[in-house]
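Text of the file structure34.pdb, holding PDB, C-alpha atoms:
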MODEL        1
ATOM      1  CA  MET P1232      94.901  99.116  78.432
ATOM      2  CA  SER P1233      98.562  98.899  77.517
ATOM      3  CA  LEU P1234     101.335  99.145  80.071
ATOM      4  CA  GLU P1235     102.295 102.615  78.803
ATOM      5  CA  GLU P1236      98.691 103.812  79.164
ATOM      6  CA  LEU P1237      98.422 102.399  82.677
ATOM      7  CA  ILE P1238     101.614 104.213  83.734
ATOM      8  CA  ALA P1239     100.435 107.444  82.092
ATOM      9  CA  GLN P1240      97.120 107.301  83.981
ATOM     10  CA  ALA P1241      98.447 106.065  87.350
ATOM     11  CA  ASP P1242      98.215 108.263  90.413
ATOM     12  CA  GLU P1243     101.191 108.803  92.727
ATOM     13  CA  ARG P1244     100.502 105.658  94.756
ATOM     14  CA  GLY P1245     100.170 103.593  91.580
ATOM     15  CA  LEU P1246     103.446 104.952  90.230
ATOM     16  CA  ALA P1247     105.288 104.289  93.485
ATOM     17  CA  VAL P1248     103.855 100.772  93.760
ATOM     18  CA  SER P1249     104.728 100.060  90.130
ATOM     19  CA  GLY P1250     108.345 101.139  90.625
ATOM     20  CA  VAL P1251     108.770  99.334  93.942
ATOM     21  CA  ALA P1252     107.189  96.173  92.511
ATOM     22  CA  CYS P1253     109.573  96.188  89.523
ATOM     23  CA  LEU P1254     112.516  96.713  91.849
ATOM     24  CA  ASP P1255     111.234  94.027  94.232
ATOM     25  CA  ARG P1256     111.071  91.445  91.451
ATOM     26  CA  CYS P1257     114.667  92.318  90.506
ATOM     27  CA  VAL P1258     116.078  92.404  94.060
ATOM     28  CA  PRO P1259     117.851  89.009  93.635
ATOM     29  CA  LEU P1260     120.244  90.799  91.258
ATOM     30  CA  LEU P1261     121.141  93.171  94.097
ATOM     31  CA  GLY P1262     121.912  90.406  96.578
ATOM     32  CA  GLY P1263     118.818  91.241  98.604
ATOM     33  CA  ASP P1264     116.639  88.750 100.407
ATOM     34  CA  ASP P1265     112.868  88.418 100.164
ATOM     35  CA  GLU P1266     112.348  91.005 102.919
ATOM     36  CA  ALA P1267     114.702  93.657 101.528
ATOM     37  CA  LEU P1268     111.957  95.957 100.275
ATOM     38  CA  ARG P1269     109.297  95.132 102.871
ATOM     39  CA  PRO P1270     109.812  98.453 104.762
ATOM     40  CA  LEU P1271     109.462 100.386 101.500
ATOM     41  CA  TRP P1272     106.233  98.537 100.694
ATOM     42  CA  GLY P1273     105.006  99.581 104.139
ATOM     43  CA  THR P1274     105.286 103.272 103.259
ATOM     44  CA  LEU P1275     102.916 102.895 100.294
ATOM     45  CA  ALA P1276      99.672 102.490 102.266
ATOM     46  CA  GLY P1277      99.402 106.214 103.059
ATOM     47  CA  GLY P1278      99.496 109.215 100.785
ATOM     48  CA  PRO P1279     102.750 110.749  99.516
ATOM     49  CA  SER P1280     102.838 113.174 102.451
ATOM     50  CA  ASP P1281     102.255 110.373 104.970
ATOM     51  CA  GLY P1282     105.007 108.195 106.332
ATOM     52  CA  ASP P1283     108.685 108.401 105.655
ATOM     53  CA  TRP P1284     109.235 107.197 102.073
ATOM     54  CA  GLY P1285     112.481 109.167 101.616
ATOM     55  CA  GLU P1286     114.046 107.967 104.848
ATOM     56  CA  VAL P1287     113.057 104.334 104.279
ATOM     57  CA  LEU P1288     114.247 104.533 100.664
ATOM     58  CA  GLN P1289     117.651 105.780 101.811
ATOM     59  CA  GLN P1290     117.929 102.972 104.385
ATOM     60  CA  THR P1291     116.939 100.442 101.718
ATOM     61  CA  ARG P1292     119.600 101.783  99.359
ATOM     62  CA  GLU P1293     122.279 101.463 102.026
ATOM     63  CA  LYS P1294     121.239  97.924 102.897
ATOM     64  CA  LEU P1295     121.093  96.789  99.264
ATOM     65  CA  ASP P1296     124.315  98.593  98.318
ATOM     66  CA  ALA P1297     126.090  96.620 101.051
ATOM     67  CA  ALA P1298     124.459  93.368  99.888
ATOM     68  CA  ALA P1299     125.335  94.086  96.244
ATOM     69  CA  ASP P1300     128.996  94.571  97.154
ATOM     70  CA  GLU P1301     129.024  91.064  98.637
ATOM     71  CA  ALA P1302     126.846  89.374  95.990
ATOM     72  CA  ALA P1303     128.204  87.746  92.886
ATOM     73  CA  ALA P1304     126.496  89.054  89.772
ATOM     74  CA  GLY P1305     126.124  85.478  88.558
ATOM     75  CA  GLY P1306     126.901  86.290  84.951
ATOM     76  CA  ALA P1307     124.069  88.822  84.841
ATOM     77  CA  GLY P1308     126.238  91.950  84.656
ATOM     78  CA  GLU P1309     124.029  94.218  82.538
ATOM     79  CA  ALA P1310     120.904  92.976  84.292
ATOM     80  CA  ALA P1311     122.436  93.728  87.700
ATOM     81  CA  GLU P1312     123.496  97.195  86.509
ATOM     82  CA  LEU P1313     119.935  97.921  85.397
ATOM     83  CA  ALA P1314     118.603  96.808  88.792
ATOM     84  CA  ARG P1315     121.144  99.026  90.584
ATOM     85  CA  GLY P1316     120.047 101.924  88.380
ATOM     86  CA  MET P1317     116.406 101.358  89.335
ATOM     87  CA  LEU P1318     117.310 101.657  93.008
ATOM     88  CA  ALA P1319     119.685 104.594  92.565
ATOM     89  CA  THR P1320     117.211 106.727  90.609
ATOM     90  CA  ALA P1321     114.217 106.274  92.932
ATOM     91  CA  PRO P1322     113.118 109.787  93.907
ATOM     92  CA  LEU P1323     113.239 110.703  97.589
ATOM     93  CA  ASP P1324     109.966 112.602  97.105
ATOM     94  CA  ARG P1325     107.035 110.318  96.372
ATOM     95  CA  SER P1326     105.259 112.784  94.086
ATOM     96  CA  GLY P1327     105.665 114.738  90.885
ATOM     97  CA  THR P1328     107.245 114.199  87.512
ATOM     98  CA  ALA P1329     110.322 112.438  88.888
ATOM     99  CA  LEU P1330     108.113 109.674  90.299
ATOM    100  CA  ARG P1331     106.397 109.113  86.923
ATOM    101  CA  GLN P1332     109.751 109.049  85.132
ATOM    102  CA  TRP P1333     111.132 106.567  87.673
ATOM    103  CA  ALA P1334     108.114 104.255  87.364
ATOM    104  CA  ASP P1335     108.412 104.333  83.581
ATOM    105  CA  ARG P1336     112.152 103.636  83.730
ATOM    106  CA  CYS P1337     111.643 100.784  86.208
ATOM    107  CA  SER P1338     109.066  99.241  83.904
ATOM    108  CA  ALA P1339     111.356  99.389  80.873
ATOM    109  CA  ASP P1340     114.426  98.253  82.815
ATOM    110  CA  ALA P1341     112.623  95.333  84.466
ATOM    111  CA  LEU P1342     111.455  94.130  81.061
ATOM    112  CA  ARG P1343     114.980  94.493  79.687
ATOM    113  CA  ILE P1344     116.342  92.516  82.661
ATOM    114  CA  HIS P1345     113.918  89.691  81.947
ATOM    115  CA  GLN P1346     114.861  89.818  78.272
ATOM    116  CA  LEU P1347     118.560  89.534  79.131
ATOM    117  CA  LEU P1348     118.061  86.694  81.606
ATOM    118  CA  ASP P1349     115.979  84.825  79.071
ATOM    119  CA  GLY P1350     118.982  84.866  76.758
ATOM    120  CA  ALA P1351     117.252  87.022  74.146
ATOM    121  CA  GLY P1352     119.937  89.720  74.392
ATOM    122  CA  ASP P1353     119.274  92.437  71.846
ATOM    123  CA  ALA P1354     116.919  90.317  69.787
ATOM    124  CA  GLY P1355     113.467  91.798  69.823
ATOM    125  CA  ALA P1356     114.416  95.094  71.494
ATOM    126  CA  THR P1357     112.027  96.890  69.148
ATOM    127  CA  ASP P1358     109.344  94.371  70.032
ATOM    128  CA  LEU P1359     109.899  95.225  73.708
ATOM    129  CA  THR P1360     108.982  98.858  73.090
ATOM    130  CA  ALA P1361     105.977  97.822  71.034
ATOM    131  CA  ALA P1362     104.889  95.354  73.707
ATOM    132  CA  ARG P1363     104.801  98.138  76.327
ATOM    133  CA  ARG P1364     102.945 100.448  73.990
ATOM    134  CA  GLU P1365     100.499  97.890  72.632
ATOM    135  CA  GLY P1366     100.147  95.626  75.670
ATOM    136  CA  ARG P1367     100.746  92.487  73.649
ATOM    137  CA  THR P1368     102.750  89.407  74.598
ATOM    138  CA  GLU P1369     102.731  87.537  71.281
ATOM    139  CA  GLY P1370     106.225  86.761  70.085
ATOM    140  CA  LEU P1371     107.790  87.455  73.479
ATOM    141  CA  SER P1372     109.683  84.804  75.419
ATOM    142  CA  PRO P1373     107.733  83.256  78.316
ATOM    143  CA  LEU P1374     109.859  85.031  80.954
ATOM    144  CA  LEU P1375     109.414  88.416  79.292
ATOM    145  CA  ALA P1376     105.696  87.928  78.609
ATOM    146  CA  ALA P1377     105.113  86.983  82.248
ATOM    147  CA  GLU P1378     106.901  90.144  83.447
ATOM    148  CA  LEU P1379     104.769  92.290  81.131
ATOM    149  CA  ARG P1380     101.631  90.655  82.563
ATOM    150  CA  ARG P1381     102.868  91.169  86.147
ATOM    151  CA  GLN P1382     103.534  94.859  85.595
ATOM    152  CA  THR P1383     100.086  95.295  84.087
ATOM    153  CA  ALA P1384      98.438  93.376  86.932
ATOM    154  CA  VAL P1385     100.162  95.501  89.608
ATOM    155  CA  LEU P1386      99.001  98.758  88.022
ATOM    156  CA  GLU P1387      95.465  97.442  87.519
ATOM    157  CA  LEU P1388      95.227  96.244  91.141
ATOM    158  CA  VAL P1389      96.236  99.612  92.555
ATOM    159  CA  ALA P1390      94.080 101.557  90.085
ATOM    160  CA  ALA P1391      91.029  99.474  90.979
ATOM    161  CA  HIS P1392      91.540  99.130  94.738
ATOM    162  CA  GLY P1393      93.911 101.899  95.893
ATOM    163  CA  ALA P1394      95.745 101.025  99.110
ATOM    164  CA  ALA P1395      93.670  97.836  99.378
ATOM    165  CA  GLY P1396      95.363  96.624  96.169
ATOM    166  CA  LEU P1397      98.808  96.641  97.818
ATOM    167  CA  ARG P1398      98.505  93.104  99.154
ATOM    168  CA  GLY P1399      97.677  91.721  95.707
ATOM    169  CA  ALA P1400     100.475  93.779  94.130
ATOM    170  CA  LEU P1401     102.933  92.396  96.689
ATOM    171  CA  GLU P1402     101.777  88.831  95.954
ATOM    172  CA  VAL P1403     102.274  89.367  92.209
ATOM    173  CA  SER P1404     105.719  90.807  92.905
ATOM    174  CA  THR P1405     106.702  87.966  95.245
ATOM    175  CA  GLU P1406     105.831  85.399  92.570
ATOM    176  CA  GLY P1407     107.863  87.349  90.020
ATOM    177  CA  ARG P1408     110.851  87.555  92.370
ATOM    178  CA  ARG P1409     110.862  83.766  92.730
ATOM    179  CA  VAL P1410     110.749  83.372  88.961
ATOM    180  CA  LEU P1411     113.585  85.841  88.457
ATOM    181  CA  ARG P1412     115.676  84.215  91.201
ATOM    182  CA  ALA P1413     115.302  80.879  89.371
ATOM    183  CA  ALA P1414     116.240  82.529  86.053
ATOM    184  CA  VAL P1415     119.372  84.073  87.622
ATOM    185  CA  SER P1416     120.310  80.680  89.057
ATOM    186  CA  ARG P1417     119.826  78.943  85.684
ATOM    187  CA  ARG P1418     121.872  81.628  83.966
ATOM    188  CA  SER P1419     124.676  81.298  86.534
ATOM    189  CA  ARG P1420     124.843  77.527  86.076
ATOM    190  CA  ARG P1421     124.831  77.882  82.304
ATOM    191  CA  ASP P1422     127.583  80.516  82.338
ATOM    192  CA  ALA P1423     129.732  78.632  84.845
TER
ENDMDL
END

Written as structure tokens, how would this file's structure read?
Amino acid sequence: MSLEELIAQADERGLAVSGVACLDRCVPLLGGDDEALRPLWGTLAGGPSDGDWGEVLQQTREKLDAAADEAAAGGAGEAAELARGMLATAPLDRSGTALRQWADRCSADALRIHQLLDGAGDAGATDLTAARREGRTEGLSPLLAAELRRQTAVLELVAAHGAAGLRGALEVSTEGRRVLRAAVSRRSRRDA
């Protein structure tokens, strides 16, 4: 299934995990450390009415907003703005249409971030839309293709295993965060 189809068919947990995973992979752009979203991940094991998603989300925003004020964008201005937008638009209610729209936006923005950090800029923007719709990675840069595969893997893990798929989704996200952190570092050195 394509990434668009997986998002369209995801349940509320899948949508929330997808959005948090995209944001988690992009957290280096917000000045956050590897544990910045750990509390938010912890709210995803229960149903939307369980836990305190909204409260933890608000605390996470405050923490990352403070970190972003201190962090240097590292020459990744548009990418950092997209990451801030992903965090700012996360719905306080972990259900409904707003959650689906947020997950879809996070998916598109995370791919765009990887495209920007790979130096592709606007080249292939149409291909990016087609890649999400068709689920193909041919012709994409390695960084972008890997992000598309990670997003697909996260949605498939949660669809197949429910809450038990969270650990695998977190592992996929952690690997992606390391890759993005390295890409940000390379970009900063190149732009310096």

Next on the checklist: Selection in question (the file shown): the PyMOL selection byres ((chain P and resi 1253) around 8). Which residues does it include, as JSON, numbers by chain?
Outcome noted: {"P": [1249, 1250, 1251, 1252, 1254, 1255, 1256, 1257, 1337, 1338, 1341, 1382, 1404]}

Checklist entry - Applied to the shown file, which residues does the PyMOL selection byres ((chain P and resi 1234) around 10) return, written as a PyMOL selection string? => result chain P and resi 1232-1233+1235-1240+1335+1338+1362-1367+1379-1380+1382-1384+1386-1387

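Our summary of the geometry notes that CA of Trp1272 (chain P) is positioned 27.1 Å from CA of Pro1373 (chain P).
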
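Closest approach to Arg1398 (chain P) from the set P:Leu1342, P:Val1385, P:Ala1299, P:Leu1374 is made by P:Val1385, with distances taken over all atoms listed in the file.
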
Checklist entry - What is the distance between CA of Glu1309 (chain P) and CA of Leu1261 (chain P), in Å to one decimal? => result 12.0 Å

Checklist entry - What is the distance between CA of Pro1259 (chain P) and CA of Arg1408 (chain P), in Å to one decimal? => result 7.3 Å

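For the set P:Ser1416, P:Arg1381, P:Leu1295, P:Thr1368, the residue with the smallest atom-to-atom gap to Gly1399 (chain P) is P:Arg1381, counting only C-alpha atoms.
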
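Minimum atom-to-atom distance to Glu1378 (chain P), evaluated using all atoms listed in the file, belongs to P:Val1410 out of P:Ala1310, P:Val1287, P:Val1410, P:Ala1319.
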
Checklist entry - Counting all atoms listed in the file, what is within 9 Å of Ser1326 (chain P), bar same-chain residues fewer than 4 positions away, as a PyMOL selection string? => result chain P and resi 1243-1244+1246-1247+1279-1280+1322+1330-1331

Item to check | Answer key for the PyMOL selection byres ((chain P and resi 1323) around 10), residues as a ChimeraX atom specification | outcome: /P:1283-1289,1320-1322,1324-1326,1329-1330

Just C-alpha atoms for this one: save the residues we selected as a PDB file, in the coordinates of the input.
ATOM      1  CA  ASP P1283     108.685 108.401 105.655  1.00  0.00           C
ATOM      2  CA  TRP P1284     109.235 107.197 102.073  1.00  0.00           C
ATOM      3  CA  GLY P1285     112.481 109.167 101.616  1.00  0.00           C
ATOM      4  CA  GLU P1286     114.046 107.967 104.848  1.00  0.00           C
ATOM      5  CA  VAL P1287     113.057 104.334 104.279  1.00  0.00           C
ATOM      6  CA  LEU P1288     114.247 104.533 100.664  1.00  0.00           C
ATOM      7  CA  GLN P1289     117.651 105.780 101.811  1.00  0.00           C
ATOM      8  CA  THR P1320     117.211 106.727  90.609  1.00  0.00           C
ATOM      9  CA  ALA P1321     114.217 106.274  92.932  1.00  0.00           C
ATOM     10  CA  PRO P1322     113.118 109.787  93.907  1.00  0.00           C
ATOM     11  CA  ASP P1324     109.966 112.602  97.105  1.00  0.00           C
ATOM     12  CA  ARG P1325     107.035 110.318  96.372  1.00  0.00           C
ATOM     13  CA  SER P1326     105.259 112.784  94.086  1.00  0.00           C
ATOM     14  CA  ALA P1329     110.322 112.438  88.888  1.00  0.00           C
ATOM     15  CA  LEU P1330     108.113 109.674  90.299  1.00  0.00           C
TER      16      LEU P1330
END

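Using all atoms listed in the file, the smallest distance between any of P:Asp1422, P:Ala1414, P:Val1389, P:Leu1313 and Leu1275 (chain P) comes from P:Val1389.
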
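Every protein, DNA or RNA residue with an atom at most 8 Å from Val1415 (chain P), where all atoms listed in the file count and chain neighbours fewer than 2 positions away do not, is listed here: Pro1259, Leu1260, Gly1305, Ala1307, Leu1348, Leu1411, Arg1412, Ala1413, Arg1417, Arg1418 and Ser1419 of chain P.
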
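Distance annotation: of P:Leu1347, P:Gly1262, P:Val1248, P:Arg1420, the residue with the minimal separation from Trp1333 (chain P) is P:Val1248; atom set is all atoms listed in the file.
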